[in-house]
$ cat structure_14.cif   # mmCIF, C-alpha atoms
data_data
loop_
_atom_site.group_PDB
_atom_site.id
_atom_site.type_symbol
_atom_site.label_atom_id
_atom_site.label_comp_id
_atom_site.auth_asym_id
_atom_site.auth_seq_id
_atom_site.Cartn_x
_atom_site.Cartn_y
_atom_site.Cartn_z
ATOM 1 C CA MET A 115 4.117 21.315 6.694
ATOM 2 C CA ILE A 116 6.796 18.698 7.536
ATOM 3 C CA PRO A 117 10.296 19.968 8.257
ATOM 4 C CA ILE A 118 12.965 18.753 5.826
ATOM 5 C CA ASP A 119 15.274 17.436 8.543
ATOM 6 C CA SER A 120 12.583 15.004 9.773
ATOM 7 C CA ILE A 121 12.192 13.586 6.238
ATOM 8 C CA SER A 122 15.878 12.738 5.929
ATOM 9 C CA SER A 123 15.850 10.897 9.263
ATOM 10 C CA ASN A 124 12.837 8.828 8.153
ATOM 11 C CA LEU A 125 14.546 7.864 4.890
ATOM 12 C CA SER A 126 17.744 6.587 6.478
ATOM 13 C CA GLY A 127 16.405 3.035 6.906
ATOM 14 C CA MET A 128 14.921 2.754 3.416
ATOM 15 C CA GLN A 129 16.524 0.937 0.499
ATOM 16 C CA ALA A 130 17.622 2.739 -2.633
ATOM 17 C CA PRO A 131 14.876 3.119 -5.226
ATOM 18 C CA LEU A 132 14.807 0.657 -8.097
ATOM 19 C CA THR A 133 16.512 2.320 -11.019
ATOM 20 C CA MET A 134 18.440 1.109 -14.030
ATOM 21 C CA ARG A 135 21.689 2.126 -12.331
ATOM 22 C CA ASN A 136 21.029 -0.365 -9.535
ATOM 23 C CA PHE A 137 20.896 -3.183 -12.115
ATOM 24 C CA GLN A 138 23.736 -2.031 -14.378
ATOM 25 C CA PRO A 139 26.385 -4.542 -13.153
ATOM 26 C CA GLU A 140 23.857 -7.374 -13.436
ATOM 27 C CA ILE A 141 22.583 -6.681 -16.966
ATOM 28 C CA ASP A 142 25.236 -8.788 -18.685
ATOM 29 C CA ARG A 143 24.178 -11.895 -16.755
ATOM 30 C CA PRO A 144 21.393 -13.921 -18.490
ATOM 31 C CA ASN A 145 17.924 -13.447 -16.933
ATOM 32 C CA ALA A 146 19.260 -10.750 -14.590
ATOM 33 C CA ILE A 147 16.557 -8.234 -15.413
ATOM 34 C CA ARG A 148 13.795 -10.816 -15.040
ATOM 35 C CA GLU A 149 15.206 -11.958 -11.690
ATOM 36 C CA ALA A 150 15.531 -8.354 -10.533
ATOM 37 C CA GLY A 151 11.900 -7.728 -11.430
ATOM 38 C CA LEU A 152 10.834 -10.802 -9.490
ATOM 39 C CA SER A 153 12.821 -9.770 -6.443
ATOM 40 C CA ALA A 154 11.270 -6.303 -6.649
ATOM 41 C CA GLY A 155 7.808 -7.740 -6.148
ATOM 42 C CA GLY A 156 6.875 -8.775 -9.682
ATOM 43 C CA SER A 157 5.349 -12.122 -10.446
ATOM 44 C CA GLN A 158 6.178 -14.643 -13.093
ATOM 45 C CA VAL A 159 3.353 -16.101 -15.118
ATOM 46 C CA ALA A 160 3.590 -19.841 -15.552
ATOM 47 C CA GLY A 161 3.140 -21.144 -19.061
ATOM 48 C CA PRO A 162 3.085 -19.204 -22.297
ATOM 49 C CA ASP A 163 3.214 -15.443 -22.556
ATOM 50 C CA PRO A 164 -0.388 -14.162 -22.174
ATOM 51 C CA PHE A 165 0.171 -11.198 -24.513
ATOM 52 C CA GLY A 166 1.837 -13.384 -27.112
ATOM 53 C CA SER A 167 -0.942 -15.958 -26.979
ATOM 54 C CA MET A 168 -3.557 -13.206 -27.259
ATOM 55 C CA MET A 169 -1.810 -11.777 -30.327
ATOM 56 C CA LYS A 170 -1.467 -15.241 -31.868
ATOM 57 C CA LYS A 171 -5.201 -15.849 -31.378
ATOM 58 C CA PHE A 172 -5.990 -12.446 -32.898
ATOM 59 C CA VAL A 173 -3.837 -13.131 -35.973
ATOM 60 C CA ASN A 174 -5.408 -16.586 -36.363
ATOM 61 C CA ASP A 175 -8.908 -15.043 -36.158
ATOM 62 C CA VAL A 176 -8.031 -12.494 -38.847
ATOM 63 C CA ASP A 177 -6.589 -15.267 -41.006
ATOM 64 C CA GLY A 178 -9.771 -17.310 -40.528
ATOM 65 C CA LYS A 179 -11.944 -14.370 -41.579
ATOM 66 C CA MET A 180 -9.814 -13.798 -44.670
ATOM 67 C CA LYS A 181 -10.086 -17.477 -45.625
ATOM 68 C CA THR A 182 -13.848 -17.394 -45.084
ATOM 69 C CA ALA A 183 -14.152 -14.308 -47.290
ATOM 70 C CA ALA A 184 -12.044 -15.948 -50.017
ATOM 71 C CA THR A 185 -14.178 -19.100 -49.839
ATOM 72 C CA GLU A 186 -17.410 -17.097 -50.083
ATOM 73 C CA LYS A 187 -16.015 -15.117 -53.007
ATOM 74 C CA SER A 188 -14.999 -18.247 -54.883
ATOM 75 C CA ARG A 189 -18.430 -19.799 -54.246
ATOM 76 C CA ILE A 190 -20.118 -16.726 -55.711
ATOM 77 C CA LEU A 191 -17.808 -16.651 -58.734
ATOM 78 C CA SER A 192 -18.224 -20.347 -59.437
ATOM 79 C CA GLY A 193 -22.027 -20.126 -59.201
ATOM 80 C CA GLU A 194 -22.304 -22.464 -56.207
ATOM 81 C CA SER A 195 -23.978 -19.794 -54.115
ATOM 82 C CA THR A 196 -26.237 -16.864 -54.869
ATOM 83 C CA ASN A 197 -25.925 -15.350 -51.413
ATOM 84 C CA LEU A 198 -24.070 -12.201 -52.405
ATOM 85 C CA HIS A 199 -24.928 -10.478 -49.135
ATOM 86 C CA GLN A 200 -23.109 -13.089 -47.076
ATOM 87 C CA ALA A 201 -20.041 -12.865 -49.315
ATOM 88 C CA MET A 202 -19.936 -9.067 -49.023
ATOM 89 C CA ILE A 203 -20.354 -9.193 -45.242
ATOM 90 C CA ALA A 204 -17.524 -11.731 -44.929
ATOM 91 C CA SER A 205 -15.351 -9.603 -47.205
ATOM 92 C CA GLN A 206 -15.969 -6.454 -45.157
ATOM 93 C CA GLU A 207 -15.381 -8.294 -41.863
ATOM 94 C CA SER A 208 -12.034 -9.559 -43.106
ATOM 95 C CA SER A 209 -11.110 -6.099 -44.384
ATOM 96 C CA VAL A 210 -11.942 -4.392 -41.090
ATOM 97 C CA SER A 211 -10.162 -7.113 -39.082
ATOM 98 C CA PHE A 212 -7.041 -6.812 -41.212
ATOM 99 C CA THR A 213 -7.061 -3.010 -40.935
ATOM 100 C CA LEU A 214 -7.387 -3.277 -37.154
ATOM 101 C CA MET A 215 -4.493 -5.745 -37.026
ATOM 102 C CA VAL A 216 -2.274 -3.436 -39.105
ATOM 103 C CA GLU A 217 -3.136 -0.441 -36.903
ATOM 104 C CA LEU A 218 -2.408 -2.474 -33.770
ATOM 105 C CA ARG A 219 0.947 -3.484 -35.216
ATOM 106 C CA ASN A 220 1.719 0.151 -36.049
ATOM 107 C CA LYS A 221 0.900 1.222 -32.479
ATOM 108 C CA LEU A 222 3.078 -1.538 -31.031
ATOM 109 C CA VAL A 223 6.004 -0.578 -33.271
ATOM 110 C CA GLU A 224 5.521 3.089 -32.391
ATOM 111 C CA SER A 225 5.477 2.237 -28.664
ATOM 112 C CA TYR A 226 8.613 0.133 -29.008
ATOM 113 C CA GLN A 227 10.400 2.959 -30.841
ATOM 114 C CA GLU A 228 9.324 5.410 -28.146
ATOM 115 C CA LEU A 229 10.779 3.106 -25.470
ATOM 116 C CA MET A 230 14.042 2.841 -27.406
ATOM 117 C CA ARG A 231 14.268 6.635 -27.606
ATOM 118 C CA ALA A 232 13.821 7.001 -23.846
ATOM 119 C CA GLN A 233 16.959 8.043 -22.043
ATOM 120 C CA VAL A 234 17.973 5.943 -19.087
#
$ encode --input "structure_14.cif" --output "structure tokens"
Amino acid sequence: MIPIDSISSNLSGMQAPLTMRNFQPEIDRPNAIREAGLSAGGSQVAGPDPFGSMMKKFVNDVDGKMKTAATEKSRILSGESTNLHQAMIASQESSVSFTLMVELRNKLVESYQELMRAQV
């Protein structure tokens, strides 16, 4: 077991831990939190936000599946196509994709609300 007095002597040369209190005077300045994160060892990604671009692609894919399902449905109803199986598969794919997107949105909103409830 390490004696407590030796721990305090080892910590004397260390910097204060990164906490919200350390950044409090800087929060009002624009980009202060981002700069603080970069100085703390974070990295900045060049270009667009990877999470945002992933979500945009996901929403566009769901939209594409919904449009495909609507097109297949209209082709069946107009008599252009007799491939009912393909129309039903496209309809179910769009339904499942949309449900997944709604559940993902709900989880993101729930996570955001949980972060807002956190005490600093």
$ resolve_selection --input "structure_14.cif" --expression "the PyMOL selection byres ((chain A and resi 210-215) around 9)" --output "PDB file with C-alpha atoms, keeping the file's coordinate frame"
ATOM      1  CA  PHE A 172      -5.990 -12.446 -32.898  1.00  0.00           C
ATOM      2  CA  VAL A 173      -3.837 -13.131 -35.973  1.00  0.00           C
ATOM      3  CA  ASP A 175      -8.908 -15.043 -36.158  1.00  0.00           C
ATOM      4  CA  VAL A 176      -8.031 -12.494 -38.847  1.00  0.00           C
ATOM      5  CA  ASP A 177      -6.589 -15.267 -41.006  1.00  0.00           C
ATOM      6  CA  LYS A 179     -11.944 -14.370 -41.579  1.00  0.00           C
ATOM      7  CA  MET A 180      -9.814 -13.798 -44.670  1.00  0.00           C
ATOM      8  CA  SER A 205     -15.351  -9.603 -47.205  1.00  0.00           C
ATOM      9  CA  GLN A 206     -15.969  -6.454 -45.157  1.00  0.00           C
ATOM     10  CA  GLU A 207     -15.381  -8.294 -41.863  1.00  0.00           C
ATOM     11  CA  SER A 208     -12.034  -9.559 -43.106  1.00  0.00           C
ATOM     12  CA  SER A 209     -11.110  -6.099 -44.384  1.00  0.00           C
ATOM     13  CA  VAL A 216      -2.274  -3.436 -39.105  1.00  0.00           C
ATOM     14  CA  GLU A 217      -3.136  -0.441 -36.903  1.00  0.00           C
ATOM     15  CA  LEU A 218      -2.408  -2.474 -33.770  1.00  0.00           C
ATOM     16  CA  ARG A 219       0.947  -3.484 -35.216  1.00  0.00           C
ATOM     17  CA  ASN A 220       1.719   0.151 -36.049  1.00  0.00           C
TER      18      ASN A 220
END
$ atom_distance --input "structure_14.cif" --atom1 "atom CA of A:Met168" --atom2 "atom CA of A:Val223"
16.9 Å
$ closest_residue --input "structure_14.cif" --among "A:Met169, A:His199, A:Ala204, A:Leu229" --to "A:Thr185" --atoms "all atoms listed in the file"
A:Ala204
$ atom_distance --input "structure_14.cif" --atom1 "atom CA of A:Ala201" --atom2 "atom CA of A:Ser188"
9.2 Å
$ atom_distance --input "structure_14.cif" --atom1 "atom CA of A:Ser195" --atom2 "atom CA of A:Asn174"
25.9 Å
